[in-house]
Amino acid sequence: MLRIATLTLAALTTGLSAQTPQAPMPRDYFGPQIHIDGVWVTPVPGAPFTATVQVVSHSKLPDGTEHIVKTENTIARSSSGRIRNERCALVPAGFTGKPRLLSAHIYDPNTRISIFTDTATRIARQTVLPQPLRTPSAQAPPARQRTTPGVTETPLGDQTLDGVQLTGKRKTHIIPADRSGTGQPVTITDDYWYSPDLSIYLIIRHDDPRTGEQLVAVTHIERGEPAAGLLTVPDDYKVVDETPPPHTAAPPTP
């Protein structure tokens, strides 16, 4: 917890000049839902690593008490661009150890095979995607992202953290009083700190006065090929192919 707080404090108080990232940008953070998302690992080749994603959610309940939960996921990417992302159970702030693994996602951009494993059922649902995900090289110009009406972006500058260069930006979304559910305008703030070298966000801070604050921080980064077991389906899982059949044209109507 202290390491996350230190990372965030360093990130949010740095104000150097911004530079344009040289890699395709990951997906935006969706905020708290049924589970709290971590980071999207872009399936780009040539930048293998393994890391830990620490997530902390801090909200204030209607009775005024504070509710803090956390989780810890493992992410990985091979030299070929094959990726792994996990979803682990949310646990109380005082919990020690690794939270229980709920599911994992493995994706290979070369074969377009996407696999979701379910720890409870020991089933791996496999789908061959009809179109490959974009996997440009880390040196390719960044792809343009769609802008959301009512959202403004502000550069936060550049910094180097634990030897990794980061570029920051803040997205601010103001929800009018008649749509906020509170009777007052609500400002939602998302801070992103992006690593062009790794093509992922290393720090994300989501702040919504209605739901609280979520902090996502990538730590314990190890460069090099991940352990083979992280990117394969365990032997005791049943693989179920859910790829839809090829579309065939309907016969002409007589």
# chains A, B, ... in the order shown; residues from 1 in each chain; ligands from 1
>>> residues_around(residues="stretch 223-239 of chain A", least_positions_apart="6", cutoff="8 Å", atoms="only C-alpha atoms", output="NGL selection string")
:A and (47-50 or 76-79 or 82-84 or 106 or 117 or 122-126)
>>> residues_around(residues="A:Thr119", least_positions_apart="2", cutoff="6 Å", atoms="only C-alpha atoms", output="VMD selection string")
chain A and resid 102 to 103 121 to 122
>>> write_last_selection(atoms="N, CA and C atoms", output="short mmCIF file (atom, residue, chain, number, x, y, z; two decimals), in the first residue's frame")
data_model
loop_
_atom_site.label_atom_id
_atom_site.label_comp_id
_atom_site.auth_asym_id
_atom_site.auth_seq_id
_atom_site.Cartn_x
_atom_site.Cartn_y
_atom_site.Cartn_z
N LEU A 102 -9.81 -15.39 -9.87
CA LEU A 102 -11.15 -15.68 -10.38
C LEU A 102 -11.13 -16.11 -11.83
N SER A 103 -10.38 -15.39 -12.65
CA SER A 103 -10.32 -15.71 -14.08
C SER A 103 -9.07 -15.09 -14.68
N THR A 121 -14.78 -23.22 -12.41
CA THR A 121 -15.28 -24.33 -13.22
C THR A 121 -14.18 -25.11 -13.91
N ARG A 122 -12.96 -24.58 -13.90
CA ARG A 122 -11.85 -25.19 -14.62
C ARG A 122 -12.18 -25.34 -16.11
#
>>> residues_around(residues="stretch 180-192 of chain A", least_positions_apart="4", cutoff="7 Å", atoms="only C-alpha atoms", output="PyMOL selection string")
chain A and resi 168-176+201+203-208
>>> write_last_selection(atoms="N, CA and C atoms", output="compact mmCIF listing (two decimals), in the first residue's frame")
# COMPACT_ATOMS: atom_id res chain seq x y z
N GLY A 168 2.11 11.89 -18.66
CA GLY A 168 0.84 11.99 -17.96
C GLY A 168 -0.18 12.85 -18.68
N LYS A 169 -1.46 12.48 -18.49
CA LYS A 169 -2.56 13.31 -18.97
C LYS A 169 -3.72 13.17 -18.02
N ARG A 170 -4.56 14.19 -17.97
CA ARG A 170 -5.76 14.19 -17.12
C ARG A 170 -6.98 14.38 -18.01
N LYS A 171 -7.98 13.50 -17.82
CA LYS A 171 -9.25 13.64 -18.51
C LYS A 171 -10.30 14.07 -17.49
N THR A 172 -10.97 15.16 -17.78
CA THR A 172 -11.98 15.71 -16.88
C THR A 172 -13.33 15.69 -17.57
N HIS A 173 -14.31 15.09 -16.89
CA HIS A 173 -15.66 14.98 -17.45
C HIS A 173 -16.64 15.59 -16.46
N ILE A 174 -17.31 16.65 -16.85
CA ILE A 174 -18.28 17.31 -16.00
C ILE A 174 -19.69 16.84 -16.39
N ILE A 175 -20.40 16.26 -15.42
CA ILE A 175 -21.76 15.79 -15.65
C ILE A 175 -22.72 16.86 -15.12
N PRO A 176 -23.63 17.34 -15.96
CA PRO A 176 -24.56 18.39 -15.51
C PRO A 176 -25.42 17.94 -14.34
N TYR A 201 -0.42 1.77 -19.43
CA TYR A 201 -0.50 2.74 -18.35
C TYR A 201 0.10 2.12 -17.10
N ILE A 203 0.20 3.98 -14.09
CA ILE A 203 -0.59 4.52 -12.98
C ILE A 203 -1.89 5.10 -13.53
N ILE A 204 -3.00 4.73 -12.90
CA ILE A 204 -4.31 5.30 -13.24
C ILE A 204 -4.98 5.70 -11.93
N ARG A 205 -5.52 6.91 -11.90
CA ARG A 205 -6.31 7.35 -10.74
C ARG A 205 -7.66 7.83 -11.22
N HIS A 206 -8.72 7.18 -10.76
CA HIS A 206 -10.09 7.52 -11.15
C HIS A 206 -10.80 8.10 -9.93
N ASP A 207 -11.35 9.31 -10.07
CA ASP A 207 -12.00 9.99 -8.95
C ASP A 207 -13.38 10.46 -9.37
N ASP A 208 -14.40 9.86 -8.75
CA ASP A 208 -15.80 10.25 -8.99
C ASP A 208 -16.42 10.48 -7.61
>>> residues_around(residues="A:Thr52", least_positions_apart="4", cutoff="8 Å", atoms="only C-alpha atoms", output="mmCIF file with N, CA and C atoms, in the first residue's frame")
data_model
loop_
_atom_site.group_PDB
_atom_site.id
_atom_site.type_symbol
_atom_site.label_atom_id
_atom_site.label_comp_id
_atom_site.auth_asym_id
_atom_site.auth_seq_id
_atom_site.Cartn_x
_atom_site.Cartn_y
_atom_site.Cartn_z
ATOM 1 N N GLU A 72 -4.947 -7.654 -6.299
ATOM 2 C CA GLU A 72 -3.622 -7.694 -6.925
ATOM 3 C C GLU A 72 -3.646 -8.709 -8.064
ATOM 4 N N ASN A 73 -3.329 -8.258 -9.259
ATOM 5 C CA ASN A 73 -3.361 -9.100 -10.445
ATOM 6 C C ASN A 73 -1.962 -9.222 -11.050
ATOM 7 N N THR A 74 -1.757 -10.269 -11.821
ATOM 8 C CA THR A 74 -0.516 -10.442 -12.572
ATOM 9 C C THR A 74 -0.788 -10.199 -14.049
ATOM 10 N N ILE A 75 0.084 -9.436 -14.691
ATOM 11 C CA ILE A 75 0.006 -9.234 -16.128
ATOM 12 C C ILE A 75 1.322 -9.664 -16.756
ATOM 13 N N VAL A 218 0.992 -0.240 -11.552
ATOM 14 C CA VAL A 218 1.787 -1.381 -12.002
ATOM 15 C C VAL A 218 3.127 -1.347 -11.279
ATOM 16 N N THR A 219 3.462 -2.445 -10.596
ATOM 17 C CA THR A 219 4.689 -2.509 -9.818
ATOM 18 C C THR A 219 5.423 -3.809 -10.123
ATOM 19 N N HIS A 220 6.638 -3.928 -9.558
ATOM 20 C CA HIS A 220 7.442 -5.148 -9.679
ATOM 21 C C HIS A 220 7.572 -5.595 -11.139
ATOM 22 N N ILE A 221 7.984 -4.670 -11.981
ATOM 23 C CA ILE A 221 8.138 -4.967 -13.411
ATOM 24 C C ILE A 221 9.420 -5.758 -13.639
#
>>> atom_distance(atom1="atom CA of A:Asp118", atom2="atom CA of A:Leu90")
16.2 Å
>>> residues_around(residues="A:Arg112", least_positions_apart="4", cutoff="10 Å", atoms="only C-alpha atoms", output="list in words")
Arg82, Tyr107, Asp108, Thr127, Val128, Leu129, Pro130, Gln131, Pro132 and Leu133 of chain A
>>> write_last_selection(atoms="N, CA and C atoms", output="PDB file, in the first residue's frame")
ATOM      1  N   ARG A  82       1.964 -12.036 -27.187  1.00  0.00           N
ATOM      2  CA  ARG A  82       0.962 -12.803 -26.449  1.00  0.00           C
ATOM      3  C   ARG A  82       0.839 -12.231 -25.043  1.00  0.00           C
ATOM      4  N   TYR A 107      -4.402 -13.837 -24.740  1.00  0.00           N
ATOM      5  CA  TYR A 107      -4.673 -13.495 -26.142  1.00  0.00           C
ATOM      6  C   TYR A 107      -3.386 -13.532 -26.946  1.00  0.00           C
ATOM      7  N   ASP A 108      -3.452 -14.166 -28.122  1.00  0.00           N
ATOM      8  CA  ASP A 108      -2.312 -14.253 -29.033  1.00  0.00           C
ATOM      9  C   ASP A 108      -2.656 -13.489 -30.307  1.00  0.00           C
ATOM     10  N   THR A 127     -11.921 -18.602 -28.290  1.00  0.00           N
ATOM     11  CA  THR A 127     -12.548 -18.030 -29.479  1.00  0.00           C
ATOM     12  C   THR A 127     -11.470 -17.538 -30.421  1.00  0.00           C
ATOM     13  N   VAL A 128     -11.624 -17.852 -31.704  1.00  0.00           N
ATOM     14  CA  VAL A 128     -10.744 -17.285 -32.723  1.00  0.00           C
ATOM     15  C   VAL A 128     -11.421 -16.032 -33.249  1.00  0.00           C
ATOM     16  N   LEU A 129     -10.828 -14.893 -32.992  1.00  0.00           N
ATOM     17  CA  LEU A 129     -11.439 -13.628 -33.401  1.00  0.00           C
ATOM     18  C   LEU A 129     -11.434 -13.505 -34.914  1.00  0.00           C
ATOM     19  N   PRO A 130     -12.513 -12.978 -35.492  1.00  0.00           N
ATOM     20  CA  PRO A 130     -12.592 -12.899 -36.960  1.00  0.00           C
ATOM     21  C   PRO A 130     -11.613 -11.923 -37.572  1.00  0.00           C
ATOM     22  N   GLN A 131     -11.254 -10.892 -36.811  1.00  0.00           N
ATOM     23  CA  GLN A 131     -10.311  -9.901 -37.306  1.00  0.00           C
ATOM     24  C   GLN A 131      -9.211  -9.728 -36.272  1.00  0.00           C
ATOM     25  N   PRO A 132      -7.953  -9.624 -36.693  1.00  0.00           N
ATOM     26  CA  PRO A 132      -6.868  -9.453 -35.722  1.00  0.00           C
ATOM     27  C   PRO A 132      -6.931  -8.092 -35.060  1.00  0.00           C
ATOM     28  N   LEU A 133      -6.542  -8.045 -33.775  1.00  0.00           N
ATOM     29  CA  LEU A 133      -6.375  -6.764 -33.113  1.00  0.00           C
ATOM     30  C   LEU A 133      -5.189  -6.045 -33.712  1.00  0.00           C
TER      31      LEU A 133
END
>>> atom_distance(atom1="atom CA of A:Lys60", atom2="atom CA of A:Tyr194")
28.6 Å
>>> atom_distance(atom1="atom CA of A:Pro245", atom2="atom CA of A:Trp40")
28.3 Å
>>> select_by_dssp(residues="stretch 155-214 of chain A", states="alpha helix (DSSP H)", output="ChimeraX atom specification")
/A:177-180
>>> write_last_selection(atoms="N, CA and C atoms", output="short mmCIF file (atom, residue, chain, number, x, y, z; two decimals), in the first residue's frame")
data_model
loop_
_atom_site.label_atom_id
_atom_site.label_comp_id
_atom_site.auth_asym_id
_atom_site.auth_seq_id
_atom_site.Cartn_x
_atom_site.Cartn_y
_atom_site.Cartn_z
N ALA A 177 -25.93 18.90 -13.60
CA ALA A 177 -26.71 18.61 -12.40
C ALA A 177 -27.94 17.76 -12.70
N ASP A 178 -28.57 17.98 -13.88
CA ASP A 178 -29.80 17.24 -14.18
C ASP A 178 -29.54 15.79 -14.57
N ARG A 179 -28.26 15.40 -14.72
CA ARG A 179 -27.94 14.02 -15.08
C ARG A 179 -26.99 13.35 -14.10
N SER A 180 -26.59 14.06 -13.06
CA SER A 180 -25.59 13.52 -12.13
C SER A 180 -26.19 12.63 -11.05
#
>>> residues_around(residues="A:Leu101", least_positions_apart="2", cutoff="8 Å", atoms="only C-alpha atoms", output="MDAnalysis selection string")
chainID A and resid 86:89 99 103:104 119
>>> select_by_dssp(residues="stretch 91-240 of chain A", states="strand (DSSP E or B)", output="JSON, numbers by chain")
{"A": [91, 92, 101, 102, 103, 104, 105, 106, 107, 108, 113, 114, 115, 116, 117, 118, 123, 124, 125, 126, 127, 128, 151, 152, 153, 154, 155, 156, 157, 158, 159, 160, 161, 164, 165, 166, 167, 168, 169, 170, 171, 172, 173, 174, 175, 186, 187, 188, 189, 190, 191, 192, 193, 194, 195, 200, 201, 202, 203, 204, 205, 206, 207, 208, 212, 213, 214, 215, 216, 217, 218, 219, 220, 221, 222, 223, 238, 239, 240]}
>>> closest_residue(among="A:Ile113, A:Ala51, A:Leu61, A:Gln165", to="A:Glu222", atoms="only C-alpha atoms")
A:Ala51
